[in-house]
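Just run_9.cif here, mmCIF, C-alpha atoms and all ligand atoms:
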```cif
data_data
loop_
_atom_site.label_atom_id
_atom_site.label_comp_id
_atom_site.auth_asym_id
_atom_site.auth_seq_id
_atom_site.Cartn_x
_atom_site.Cartn_y
_atom_site.Cartn_z
CA MET S 1 -31.95 10.39 -25.34
CA TYR S 2 -30.44 10.19 -21.86
CA ASP S 3 -32.85 12.61 -20.15
CA ASP S 4 -34.48 9.85 -18.17
CA LEU S 5 -31.25 8.80 -16.44
CA PRO S 6 -30.48 9.95 -12.90
CA THR S 7 -27.76 12.59 -12.67
CA GLN S 8 -27.12 12.44 -8.94
CA TYR S 9 -27.62 10.38 -5.82
CA GLN S 10 -27.69 10.96 -2.13
CA ILE S 11 -25.37 9.38 0.44
CA GLY S 12 -26.70 10.44 3.81
CA TYR S 13 -26.61 14.24 3.72
CA LEU S 14 -24.24 14.38 0.72
CA THR S 15 -25.39 14.84 -2.85
CA ILE S 16 -23.12 13.16 -5.37
CA GLN S 17 -23.41 14.96 -8.68
CA PRO S 18 -22.74 13.89 -11.33
CA ASN S 19 -23.30 10.27 -10.43
CA ILE S 20 -20.13 9.13 -12.19
CA VAL S 21 -17.33 8.35 -9.75
CA LEU S 22 -13.66 7.52 -9.88
CA ALA S 23 -12.87 4.02 -8.60
CA PRO S 24 -10.35 3.59 -5.80
CA MET S 25 -7.17 2.06 -7.25
CA VAL S 26 -4.14 1.23 -5.14
CA GLY S 27 -1.01 2.82 -6.56
CA VAL S 28 -3.02 5.05 -8.91
CA THR S 29 -5.71 7.20 -7.31
CA ASP S 30 -3.52 9.30 -5.07
CA SER S 31 -4.26 12.98 -4.55
CA ILE S 32 -2.38 13.95 -7.72
CA PHE S 33 -4.31 11.61 -9.99
CA ARG S 34 -7.61 12.53 -8.34
CA ARG S 35 -6.95 16.25 -8.85
CA MET S 36 -6.01 15.62 -12.47
CA ILE S 37 -9.29 13.76 -13.04
CA LEU S 38 -11.35 16.39 -11.24
CA SER S 39 -9.73 19.18 -13.24
CA LEU S 40 -10.98 17.62 -16.49
CA GLY S 41 -14.61 17.70 -15.29
CA GLY S 42 -17.51 15.27 -15.11
CA CYS S 43 -16.48 13.31 -12.02
CA GLY S 44 -18.74 13.57 -8.96
CA LEU S 45 -16.78 11.70 -6.31
CA VAL S 46 -13.24 10.47 -5.76
CA CYS S 47 -11.88 7.95 -3.32
CA SER S 48 -8.51 7.34 -1.70
CA GLU S 49 -6.50 4.21 -2.38
CA MET S 50 -7.42 1.29 -0.12
CA THR S 51 -5.55 1.68 3.17
CA ASN S 52 -5.04 -1.00 5.77
CA ALA S 53 -6.83 0.08 8.93
CA SER S 54 -3.94 -1.12 11.06
CA ALA S 55 -1.76 1.58 9.47
CA VAL S 56 -4.30 4.23 10.43
CA SER S 57 -5.27 3.32 13.98
CA PRO S 58 -4.24 5.87 16.58
CA ARG S 59 -1.92 3.16 17.95
CA ALA S 60 0.04 3.03 14.71
CA ARG S 61 2.80 5.57 14.28
CA SER S 62 2.99 5.45 10.48
CA ARG S 63 2.02 8.54 8.58
CA HIS S 64 -1.14 8.30 6.54
CA ARG S 65 0.28 9.46 3.23
CA GLN S 66 -2.33 7.46 1.35
CA LEU S 67 -5.01 9.52 3.02
CA ASP S 68 -3.51 12.89 2.10
CA TYR S 69 -5.90 15.08 0.12
CA LEU S 70 -6.57 18.72 -0.69
CA PRO S 71 -9.84 20.53 0.03
CA GLU S 72 -10.59 20.95 -3.69
CA GLU S 73 -11.00 17.16 -3.95
CA ARG S 74 -14.12 17.15 -1.81
CA PRO S 75 -16.42 15.36 -1.56
CA ILE S 76 -13.92 12.61 -0.93
CA ALA S 77 -14.31 9.04 0.28
CA MET S 78 -11.48 7.28 2.09
CA GLN S 79 -11.29 3.54 1.86
CA LEU S 80 -10.16 1.21 4.61
CA SER S 81 -9.59 -2.53 4.70
CA GLY S 82 -9.51 -4.66 7.81
CA ASN S 83 -11.45 -7.26 9.71
CA GLU S 84 -11.10 -6.46 13.42
CA PRO S 85 -14.16 -4.41 14.34
CA ASP S 86 -12.51 -2.38 17.12
CA LEU S 87 -9.38 -1.64 15.14
CA VAL S 88 -11.27 -0.61 12.00
CA ALA S 89 -13.68 1.47 14.09
CA ALA S 90 -10.70 3.31 15.61
CA ALA S 91 -9.23 3.86 12.14
CA ALA S 92 -12.63 5.11 10.98
CA ARG S 93 -12.57 7.79 13.68
CA VAL S 94 -9.14 8.87 12.49
CA VAL S 95 -10.42 9.06 8.92
CA GLU S 96 -13.39 11.12 10.08
CA ALA S 97 -11.06 13.45 11.95
CA LEU S 98 -8.95 13.84 8.81
CA GLY S 99 -12.04 15.33 7.18
CA ALA S 100 -13.24 12.53 4.92
CA ASP S 101 -16.81 13.02 3.71
CA ILE S 102 -17.43 9.29 3.36
CA LEU S 103 -15.77 6.22 4.81
CA ASP S 104 -15.72 3.30 2.38
CA LEU S 105 -15.03 -0.24 3.54
CA ASN S 106 -13.36 -2.67 1.18
CA CYS S 107 -14.80 -6.18 1.09
CA GLY S 108 -13.88 -6.85 -2.51
CA CYS S 109 -10.12 -6.82 -2.97
CA PRO S 110 -9.08 -10.21 -4.42
CA SER S 111 -5.33 -9.87 -3.83
CA PRO S 112 -3.97 -12.86 -1.90
CA LYS S 113 -1.91 -10.46 0.23
CA VAL S 114 -5.16 -8.86 1.38
CA THR S 115 -7.41 -11.92 1.57
CA GLY S 116 -4.63 -13.87 3.30
CA GLY S 117 -5.04 -11.55 6.28
CA GLY S 118 -8.80 -12.08 6.20
CA HIS S 119 -9.41 -8.63 4.68
CA GLY S 120 -11.05 -7.56 1.40
CA SER S 121 -13.07 -10.23 -0.36
CA ALA S 122 -12.14 -12.81 2.31
CA LEU S 123 -14.99 -11.29 4.32
CA LEU S 124 -17.45 -12.51 1.68
CA ARG S 125 -16.83 -15.98 3.13
CA ASP S 126 -17.88 -14.90 6.61
CA LEU S 127 -20.92 -12.63 6.51
CA PRO S 128 -21.49 -12.71 10.30
CA LYS S 129 -17.96 -11.37 10.73
CA MET S 130 -18.53 -8.75 8.04
CA GLU S 131 -21.75 -7.76 9.80
CA GLN S 132 -19.92 -7.20 13.10
CA LEU S 133 -17.36 -5.09 11.27
CA LEU S 134 -19.94 -2.97 9.45
CA LYS S 135 -21.97 -2.36 12.60
CA ALA S 136 -18.91 -1.40 14.65
CA VAL S 137 -17.75 1.07 12.01
CA CYS S 138 -21.21 2.56 11.39
CA ASN S 139 -21.55 3.13 15.15
CA ALA S 140 -18.11 4.69 15.44
CA VAL S 141 -18.53 7.66 13.07
CA GLN S 142 -21.03 10.34 12.05
CA ILE S 143 -19.99 10.41 8.39
CA PRO S 144 -21.76 8.00 6.02
CA VAL S 145 -20.15 4.57 5.74
CA THR S 146 -20.31 2.83 2.38
CA LEU S 147 -19.32 -0.67 1.28
CA LYS S 148 -17.53 -1.84 -1.85
CA PHE S 149 -17.79 -5.55 -2.47
CA ARG S 150 -17.76 -8.34 -5.03
CA ALA S 151 -20.44 -10.81 -6.10
CA GLY S 152 -19.05 -13.61 -3.95
CA TRP S 153 -15.94 -15.68 -3.37
CA ASP S 154 -16.58 -17.84 -6.44
CA GLU S 155 -19.43 -18.92 -8.71
CA THR S 156 -20.52 -21.59 -6.24
CA SER S 157 -20.86 -19.14 -3.38
CA LEU S 158 -22.49 -16.06 -4.91
CA ASN S 159 -23.88 -14.04 -2.00
CA TYR S 160 -24.16 -10.49 -3.28
CA LEU S 161 -27.84 -10.20 -2.43
CA ASP S 162 -27.36 -11.46 1.12
CA THR S 163 -24.36 -9.15 1.54
CA ALA S 164 -26.27 -6.15 0.22
CA LYS S 165 -29.31 -6.71 2.46
CA MET S 166 -27.16 -7.38 5.51
CA ALA S 167 -25.13 -4.22 4.86
CA GLU S 168 -28.25 -2.08 4.53
CA GLN S 169 -29.53 -3.42 7.86
CA ALA S 170 -26.14 -2.78 9.46
CA GLY S 171 -26.36 0.93 8.62
CA ILE S 172 -24.37 1.16 5.39
CA ALA S 173 -25.38 4.28 3.45
CA ALA S 174 -24.56 3.14 -0.10
CA LEU S 175 -23.17 0.10 -1.89
CA THR S 176 -20.72 -0.32 -4.74
CA LEU S 177 -20.77 -3.72 -6.39
CA HIS S 178 -17.98 -4.90 -8.66
CA PRO S 179 -20.00 -7.86 -9.93
CA ARG S 180 -17.08 -10.23 -10.48
CA THR S 181 -16.28 -12.95 -7.98
CA ARG S 182 -13.05 -13.07 -6.05
CA ALA S 183 -12.06 -16.11 -8.10
CA GLN S 184 -12.45 -14.13 -11.32
CA GLY S 185 -9.88 -11.56 -10.29
CA TYR S 186 -10.00 -9.13 -13.20
CA GLY S 187 -10.68 -11.83 -15.81
CA GLY S 188 -13.93 -12.72 -17.53
CA VAL S 189 -16.64 -10.07 -17.55
CA ALA S 190 -18.38 -7.99 -14.92
CA ASP S 191 -21.99 -9.19 -14.98
CA TRP S 192 -24.02 -6.03 -14.50
CA ARG S 193 -27.27 -8.03 -14.13
CA ARG S 194 -26.04 -8.56 -10.59
CA VAL S 195 -25.89 -4.80 -10.07
CA ALA S 196 -29.51 -4.58 -11.26
CA GLU S 197 -30.52 -7.33 -8.82
CA VAL S 198 -28.86 -5.56 -5.90
CA LYS S 199 -30.57 -2.30 -6.89
CA ARG S 200 -33.94 -4.03 -6.72
CA ALA S 201 -33.12 -5.66 -3.37
CA VAL S 202 -32.19 -2.62 -1.26
CA ASN S 203 -33.33 0.94 -0.62
CA ILE S 204 -29.91 2.61 -0.44
CA PRO S 205 -27.95 3.91 -3.45
CA VAL S 206 -26.23 1.24 -5.54
CA ILE S 207 -23.23 2.03 -7.70
CA GLY S 208 -21.95 -0.42 -10.31
CA SER S 209 -18.25 -0.92 -11.07
CA GLY S 210 -16.61 -2.91 -13.80
CA ASP S 211 -15.67 -2.83 -17.47
CA VAL S 212 -17.05 0.61 -18.33
CA ARG S 213 -14.85 1.51 -21.29
CA ASP S 214 -16.33 4.64 -22.84
CA ALA S 215 -19.03 7.25 -22.43
CA ALA S 216 -21.76 5.31 -24.23
CA ASP S 217 -20.92 2.26 -22.16
CA ALA S 218 -21.35 4.19 -18.91
CA LEU S 219 -24.79 5.50 -19.82
CA ARG S 220 -25.90 2.14 -21.16
CA ARG S 221 -24.86 0.50 -17.86
CA LEU S 222 -26.70 3.15 -15.90
CA ARG S 223 -29.85 2.56 -17.91
CA GLU S 224 -29.75 -1.23 -18.02
CA SER S 225 -28.94 -1.76 -14.36
CA ALA S 226 -31.03 1.17 -13.01
CA ALA S 227 -28.07 1.78 -10.69
CA ASP S 228 -27.78 5.15 -8.99
CA GLY S 229 -24.24 5.69 -10.19
CA VAL S 230 -21.40 4.29 -12.24
CA MET S 231 -17.81 3.89 -11.07
CA ILE S 232 -14.90 4.01 -13.49
CA GLY S 233 -11.47 2.55 -12.81
CA ARG S 234 -9.13 1.32 -15.50
CA ALA S 235 -10.77 3.38 -18.24
CA ALA S 236 -9.86 6.53 -16.30
CA MET S 237 -6.19 5.62 -16.53
CA HIS S 238 -6.56 4.92 -20.24
CA ASN S 239 -8.69 7.98 -20.95
CA PRO S 240 -8.94 10.51 -18.11
CA TRP S 241 -11.41 12.55 -20.22
CA ILE S 242 -14.05 9.80 -20.01
CA PHE S 243 -15.94 11.63 -17.26
CA ARG S 244 -16.23 14.80 -19.33
CA GLN S 245 -17.21 12.77 -22.39
CA ILE S 246 -20.02 11.15 -20.40
CA ALA S 247 -21.32 14.59 -19.38
CA GLN S 248 -21.18 15.73 -23.01
CA LEU S 249 -22.97 12.67 -24.33
CA ARG S 250 -25.62 13.00 -21.68
CA ALA S 251 -26.16 16.64 -22.68
CA GLY S 252 -26.78 15.58 -26.27
CA MET S 253 -23.35 16.64 -27.49
CA GLN S 254 -20.77 14.68 -29.37
CA PRO S 255 -18.11 13.53 -26.86
CA MET S 256 -14.87 15.50 -27.34
CA VAL S 257 -12.14 13.97 -29.44
CA VAL S 258 -9.00 13.86 -27.31
CA THR S 259 -6.12 15.34 -29.31
CA PRO S 260 -2.40 14.53 -29.07
CA GLY S 261 -2.04 18.02 -27.56
CA ASP S 262 -4.49 17.14 -24.77
CA LYS S 263 -2.52 13.98 -24.05
CA TYR S 264 0.80 15.78 -24.06
CA GLU S 265 -0.50 18.42 -21.67
CA PHE S 266 -1.97 15.81 -19.37
CA LEU S 267 1.24 13.80 -19.12
CA MET S 268 3.43 16.89 -18.66
CA ARG S 269 1.15 18.31 -15.98
CA TYR S 270 0.93 14.96 -14.23
CA LEU S 271 4.71 14.69 -14.18
CA GLU S 272 5.04 18.26 -12.94
CA MET S 273 2.59 17.65 -10.10
CA CYS S 274 4.38 14.42 -9.19
CA CYS S 275 7.69 16.34 -9.10
CA ASP S 276 6.14 19.00 -6.85
CA ASP S 277 4.95 16.40 -4.34
CA LEU S 278 7.42 13.53 -4.50
CA PRO S 279 11.15 12.80 -4.63
CA GLU S 280 12.39 12.47 -8.24
CA ARG S 281 12.61 8.67 -8.21
CA LEU S 282 9.00 8.29 -7.05
CA ALA S 283 7.76 10.95 -9.46
CA LEU S 284 9.40 9.09 -12.33
CA ASN S 285 7.88 5.81 -11.14
CA LYS S 286 4.44 7.40 -11.20
CA LEU S 287 4.94 8.48 -14.80
CA LYS S 288 6.22 5.02 -15.74
CA GLN S 289 3.14 3.49 -14.18
CA ILE S 290 0.58 5.73 -15.85
CA ILE S 291 2.24 5.64 -19.27
CA GLY S 292 1.73 1.86 -19.28
CA GLN S 293 -2.07 2.32 -19.19
CA PHE S 294 -2.50 5.70 -20.83
CA GLY S 295 -4.09 5.52 -24.29
CA ILE S 296 -1.53 7.28 -26.49
CA GLU S 297 -2.89 5.65 -29.65
CA LEU S 298 -0.34 7.20 -32.01
CA PRO S 299 2.33 5.53 -34.16
CA GLY S 300 5.48 4.99 -32.10
CA ALA S 301 3.63 4.81 -28.77
CA ALA S 302 5.24 1.48 -27.85
CA ALA S 303 8.71 2.96 -28.36
CA LEU S 304 7.78 5.98 -26.25
CA ARG S 305 6.56 3.74 -23.43
CA SER S 306 9.76 1.78 -23.57
CA ALA S 307 11.90 4.94 -23.60
CA ILE S 308 10.05 6.34 -20.58
CA HIS S 309 10.33 3.01 -18.85
CA HIS S 310 14.09 3.02 -19.30
CA SER S 311 14.58 6.68 -18.37
CA SER S 312 16.90 7.23 -15.46
CA GLY S 313 15.60 10.66 -14.51
CA VAL S 314 12.73 13.10 -14.91
CA VAL S 315 14.63 15.33 -17.34
CA GLU S 316 15.20 12.40 -19.68
CA ALA S 317 11.57 11.28 -19.45
CA ARG S 318 10.31 14.80 -20.13
CA ASP S 319 12.61 15.00 -23.12
CA HIS S 320 11.14 11.78 -24.54
CA LEU S 321 7.62 13.14 -24.12
CA GLU S 322 8.53 16.45 -25.77
CA ARG S 323 10.25 14.84 -28.72
CA PHE S 324 7.49 12.28 -29.27
CA PHE S 325 4.61 14.72 -29.12
CA ALA S 326 6.47 17.38 -31.14
CA GLN S 327 5.61 15.33 -34.22
CA TYR S 328 1.94 15.88 -33.46
CA VAL S 329 1.78 19.10 -31.48
CA GLU S 330 3.40 22.29 -32.64
CA ALA S 331 3.21 23.83 -29.17
CA ALA S 332 5.27 21.01 -27.74
CA VAL S 333 8.35 22.20 -29.61
CA THR S 334 8.08 25.79 -28.55
CA GLY S 335 7.05 24.85 -25.04
C1 LIG E 401 -4.66 -1.15 -10.30
C2 LIG E 401 -5.96 -1.36 -9.57
C3 LIG E 401 -6.04 -1.07 -8.22
C4 LIG E 401 -7.27 -1.23 -7.54
N1 LIG E 401 -7.33 -0.88 -6.23
C5 LIG E 401 -8.54 -0.91 -5.59
C6 LIG E 401 -8.68 -0.38 -4.27
O1 LIG E 401 -7.75 0.16 -3.68
N2 LIG E 401 -9.90 -0.48 -3.69
C7 LIG E 401 -10.98 -1.02 -4.32
O2 LIG E 401 -12.07 -1.08 -3.75
N3 LIG E 401 -10.88 -1.50 -5.57
C8 LIG E 401 -9.69 -1.43 -6.22
N4 LIG E 401 -9.62 -1.84 -7.52
C9 LIG E 401 -10.84 -2.25 -8.22
C10 LIG E 401 -11.50 -1.04 -8.92
O3 LIG E 401 -11.92 -0.07 -7.97
C11 LIG E 401 -12.71 -1.46 -9.78
O4 LIG E 401 -13.74 -1.94 -8.95
C12 LIG E 401 -12.33 -2.55 -10.79
O5 LIG E 401 -11.11 -2.25 -11.42
C13 LIG E 401 -13.41 -2.71 -11.86
O6 LIG E 401 -13.65 -1.52 -12.52
P1 LIG E 401 -12.98 -1.10 -13.95
O7 LIG E 401 -13.27 -2.18 -14.92
O8 LIG E 401 -13.65 0.22 -14.24
O9 LIG E 401 -11.51 -0.96 -13.70
C14 LIG E 401 -8.41 -1.71 -8.21
C15 LIG E 401 -8.30 -2.01 -9.58
C16 LIG E 401 -7.13 -1.83 -10.26
C17 LIG E 401 -7.08 -2.14 -11.73
#
```

Please rewrite the model in this file as C-alpha cells.
Amino acid sequence: MYDDLPTQYQIGYLTIQPNIVLAPMVGVTDSIFRRMILSLGGCGLVCSEMTNASAVSPRARSRHRQLDYLPEERPIAMQLSGNEPDLVAAAARVVEALGADILDLNCGCPSPKVTGGGHGSALLRDLPKMEQLLKAVCNAVQIPVTLKFRAGWDETSLNYLDTAKMAEQAGIAALTLHPRTRAQGYGGVADWRRVAEVKRAVNIPVIGSGDVRDAADALRRLRESAADGVMIGRAAMHNPWIFRQIAQLRAGMQPMVVTPGDKYEFLMRYLEMCCDDLPERLALNKLKQIIGQFGIELPGAAALRSAIHHSSGVVEARDHLERFFAQYVEAAVTG
C-alpha cells in the first residue's frame, strides 16, 4: 500500500534513510533527546537546536553546548540563525570543523526575539539579503547547506516559490518548508499544498514540516505532496515512537501499541541520561519540560504532571514516576 513512496533521499553525497527526520526544536532536541529518538528506530536524520551564529563564530568565546553531539547521532545537521553573511559563514566553518554532516540555515523562526534581530523568518521579507547570506555560507563550507523556511511573512506576502528557486540557485542542497506563514506562528494549519508546489518548482530534495500527528498522517503527507521526506516535531515529543510506527506501517505491519511500560522506561531513561549530562536542577527542568508534552494518556496523568512540575529534586520526581506507573507496570515496582 505504501510501496510506491520514496524511502530515502540524497543531500549532496549523503543518503538520508529513512526519509523521516526529527525537526530541530529549541530547548528540546539536544543530544539526549536526539539519542533517545534514534534509539527507538525509524528516524533518518536529526538536527541540533537552532543556534545563533554570533555565539559560534571563532570570535565568540562562548562554548557551543547546543552543538554538542555524539558520533552515534550521525548523520547530523546543525542549524544556525543569523543574517550577516561573513559572520554566519565563519560560524559555518566552525560547525563544519565540529563534524556536522549538514549545515542547516534557519529562515523560518517566527519568534520576535529572533526576527527582531533580522534573523529567522525576518529574512523572508528581504530575499536579496537572504540570497547574499545563502551564497556566502554555501561558498564557505564543503558540507551540504540546507535551508528551513516558512511560506512567507504573512498571507499577503507569500513567497515560498521565489525563496525556494532562489535558494536552489544559490547552492542550497535541500529545502525544508514549514508551510505556515510567520504571522501564523503555530496557529491555523500547515498547508501542505505549498510543499507540493515547492517540490514541483525545484530539482533539489524538498522536506515538508508541520502538523504530522501519527504514522498514517506522515505517509499520507508524503504521498499527497510528493515531498522527498517528512519532518516531525511536536509529535515526537508527544510520541517518540512515531518514527518506528511509520516504518512498521510502511512495511505493511500494524504500528506498535505503546504500552505504559514503554512510557515508563522512556521517561526513566531520559531522566537518567539528563542526570548523567547535566546538573540536577537542569536535569529536573528537562523532565518537567518533556512531561508537559509527553502523551501519558492514562487516568491520573494530569496529577502526575503537576507532581513532577512541583518536585524539588530528581529523587522526588523519580518517585512520582515510579508510584504512578506502578499501577500499570509490574516491573516498575520491583525496579
Ligand atoms: C518548541 C519548539 C521549538 C522549535 N525550534 C525550532 C528550531 O530551533 N529551528 C527550527 O527550524 N524550527 C523550530 N521549530 C519548528 C519545528 O522544527 C517545526 O517546523 C514545526 O514545529 C512544525 O512541525 P510540527 O507540527 O511537526 O511540530 C520549533 C518548534 C517547536 C514547537

**OP:** List all protein, DNA and RNA residues that have any atom at most 6 Å from ligand LIG 401 (chain E), counting only C-alpha atoms and all ligand atoms, and write the list as a list in words.
**Re:** Ala23, Pro24, Met25, Val26, Glu49, Met50, Asn106, Cys109, Lys148, His178, Ser209, Gly210, Asp211, Val212, Ile232, Gly233, Arg234 and Ala235 of chain S

Could you please take those selected residues and save C-alpha atoms as a PDB file, in the frame of the given file?
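Listing of result.pdb after writing:
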```pdb
ATOM      1  CA  ALA S  23     -12.870   4.020  -8.600  1.00  0.00           C
ATOM      2  CA  PRO S  24     -10.350   3.590  -5.800  1.00  0.00           C
ATOM      3  CA  MET S  25      -7.170   2.060  -7.250  1.00  0.00           C
ATOM      4  CA  VAL S  26      -4.140   1.230  -5.140  1.00  0.00           C
ATOM      5  CA  GLU S  49      -6.500   4.210  -2.380  1.00  0.00           C
ATOM      6  CA  MET S  50      -7.420   1.290  -0.120  1.00  0.00           C
ATOM      7  CA  ASN S 106     -13.360  -2.670   1.180  1.00  0.00           C
ATOM      8  CA  CYS S 109     -10.120  -6.820  -2.970  1.00  0.00           C
ATOM      9  CA  LYS S 148     -17.530  -1.840  -1.850  1.00  0.00           C
ATOM     10  CA  HIS S 178     -17.980  -4.900  -8.660  1.00  0.00           C
ATOM     11  CA  SER S 209     -18.250  -0.920 -11.070  1.00  0.00           C
ATOM     12  CA  GLY S 210     -16.610  -2.910 -13.800  1.00  0.00           C
ATOM     13  CA  ASP S 211     -15.670  -2.830 -17.470  1.00  0.00           C
ATOM     14  CA  VAL S 212     -17.050   0.610 -18.330  1.00  0.00           C
ATOM     15  CA  ILE S 232     -14.900   4.010 -13.490  1.00  0.00           C
ATOM     16  CA  GLY S 233     -11.470   2.550 -12.810  1.00  0.00           C
ATOM     17  CA  ARG S 234      -9.130   1.320 -15.500  1.00  0.00           C
ATOM     18  CA  ALA S 235     -10.770   3.380 -18.240  1.00  0.00           C
TER      19      ALA S 235
END
```

**OP:** List the neighbours of Asp319 (chain S) out to 12 Å using all atoms listed in the file; skip same-chain residues closer than 2 positions along the sequence, and give me the result as a VMD selection string.
**Re:** chain S and resid 264 268 271 304 307 to 308 311 to 317 321 to 326 332 to 333 335

Original post:
With distances taken over all atoms listed in the file, which of S:Lys286, S:Arg74, S:Lys199, S:Lys165 is nearest to Asp30 (chain S)?
Top reply: S:Lys286

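Across the structure, CA of Gln142 (chain S) and CA of Ser57 (chain S) are spaced 17.4 Å apart.
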
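Using all atoms listed in the file for every distance, the candidate list S:Val145, S:Ile16, S:Ala97, S:Leu80 yields S:Leu80 as the residue closest to Gly120 (chain S).
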
**OP:** Please write as a PyMOL selection string the list of polymer residues whose atoms come within 12 Å of (0.9, 6.3, 3.6), counting all atoms listed in the file and keeping to the coordinates of the file.
**Re:** chain S and resi 26-27+30-31+48-56+60-69

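The space separating CA of Val94 (chain S) from CA of Pro58 (chain S) comes to 7.1 Å.
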
Near Gln132 (chain S), counting only C-alpha atoms, which residues have an atom at most 12 Å away, once you skip same-chain residues fewer than 6 positions from it, shown as a short mmCIF file (atom, residue, chain, number, x, y, z; two decimals) with C-alpha atoms, in the coordinates of the input?
```
data_model
loop_
_atom_site.label_atom_id
_atom_site.label_comp_id
_atom_site.auth_asym_id
_atom_site.auth_seq_id
_atom_site.Cartn_x
_atom_site.Cartn_y
_atom_site.Cartn_z
CA GLY S 82 -9.51 -4.66 7.81
CA ASN S 83 -11.45 -7.26 9.71
CA GLU S 84 -11.10 -6.46 13.42
CA PRO S 85 -14.16 -4.41 14.34
CA ASP S 86 -12.51 -2.38 17.12
CA VAL S 88 -11.27 -0.61 12.00
CA ALA S 89 -13.68 1.47 14.09
CA LEU S 123 -14.99 -11.29 4.32
CA ASP S 126 -17.88 -14.90 6.61
CA CYS S 138 -21.21 2.56 11.39
CA ASN S 139 -21.55 3.13 15.15
CA MET S 166 -27.16 -7.38 5.51
CA ALA S 167 -25.13 -4.22 4.86
CA GLN S 169 -29.53 -3.42 7.86
CA ALA S 170 -26.14 -2.78 9.46
CA GLY S 171 -26.36 0.93 8.62
#
```

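For the pair CA of Phe294 (chain S) and CA of Arg318 (chain S), the separation is 15.7 Å.
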
Region 25-30 of chain S, all listed atoms, 8 Å padding on each side: what axis-aligned box centre and edge lengths in Å to one decimal come out, as JSON?
```
{"center_x": -4.1, "center_y": 5.3, "center_z": -7.0, "size_x": 22.2, "size_y": 24.1, "size_z": 19.8}
```

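Taking only C-alpha atoms into account, those protein, DNA and RNA residues with any atom at most 6 Å away from (-16.3, -13.9, -1.5) amount to Ser121, Ala122, Leu124, Arg125, Gly152, Trp153 and Arg182 of chain S.
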
Go ahead and write the selection's residues with C-alpha atoms as a short mmCIF file (atom, residue, chain, number, x, y, z; two decimals), in the coordinates of the input.
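So the final result, stored in selection.cif, reads:
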```
data_model
loop_
_atom_site.label_atom_id
_atom_site.label_comp_id
_atom_site.auth_asym_id
_atom_site.auth_seq_id
_atom_site.Cartn_x
_atom_site.Cartn_y
_atom_site.Cartn_z
CA SER S 121 -13.07 -10.23 -0.36
CA ALA S 122 -12.14 -12.81 2.31
CA LEU S 124 -17.45 -12.51 1.68
CA ARG S 125 -16.83 -15.98 3.13
CA GLY S 152 -19.05 -13.61 -3.95
CA TRP S 153 -15.94 -15.68 -3.37
CA ARG S 182 -13.05 -13.07 -6.05
#
```

**OP:** Would you list the contacts of Glu155 (chain S) as a ChimeraX atom specification, taking every protein, DNA or RNA residue within 9 Å and counting only C-alpha atoms, but skipping same-chain residues closer than 6 positions in sequence?
**Re:** /S:181,183-184

**OP:** Compare S:Ala77, S:Met36, S:Ala283, S:Met273 by their minimum atom-to-atom distance to Phe243 (chain S), counting only C-alpha atoms, and give me the closest one.
**Re:** S:Met36

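For the set S:Ala151, S:Leu105, S:Leu87, S:Val21, the residue with the smallest atom-to-atom gap to Ala218 (chain S) is S:Val21, counting all atoms listed in the file.
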
Within 7 Å of region 202-205 of chain S: each region 151-191 of chain S residue with its shortest pair, all atoms listed in the file, as a tab-separated table:
```
residue	atom	partner	partner_atom	distance
S:Lys165	CA	S:Val202	CA	6.2
S:Ala173	CA	S:Ile204	CA	6.2
S:Ala174	CA	S:Pro205	CA	4.8
S:Leu175	CA	S:Pro205	CA	6.3
```

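Between Leu267 (chain S) and the residues S:Ala140, S:Cys107, S:Val95, S:Ile32, the shortest atom-to-atom distance, using all atoms listed in the file, involves S:Ile32.
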
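Candidate residues S:Ile296, S:Met253, S:Leu22, S:Ala227 were compared for distance to Asn239 (chain S), and the nearest is S:Ile296, using all atoms listed in the file.
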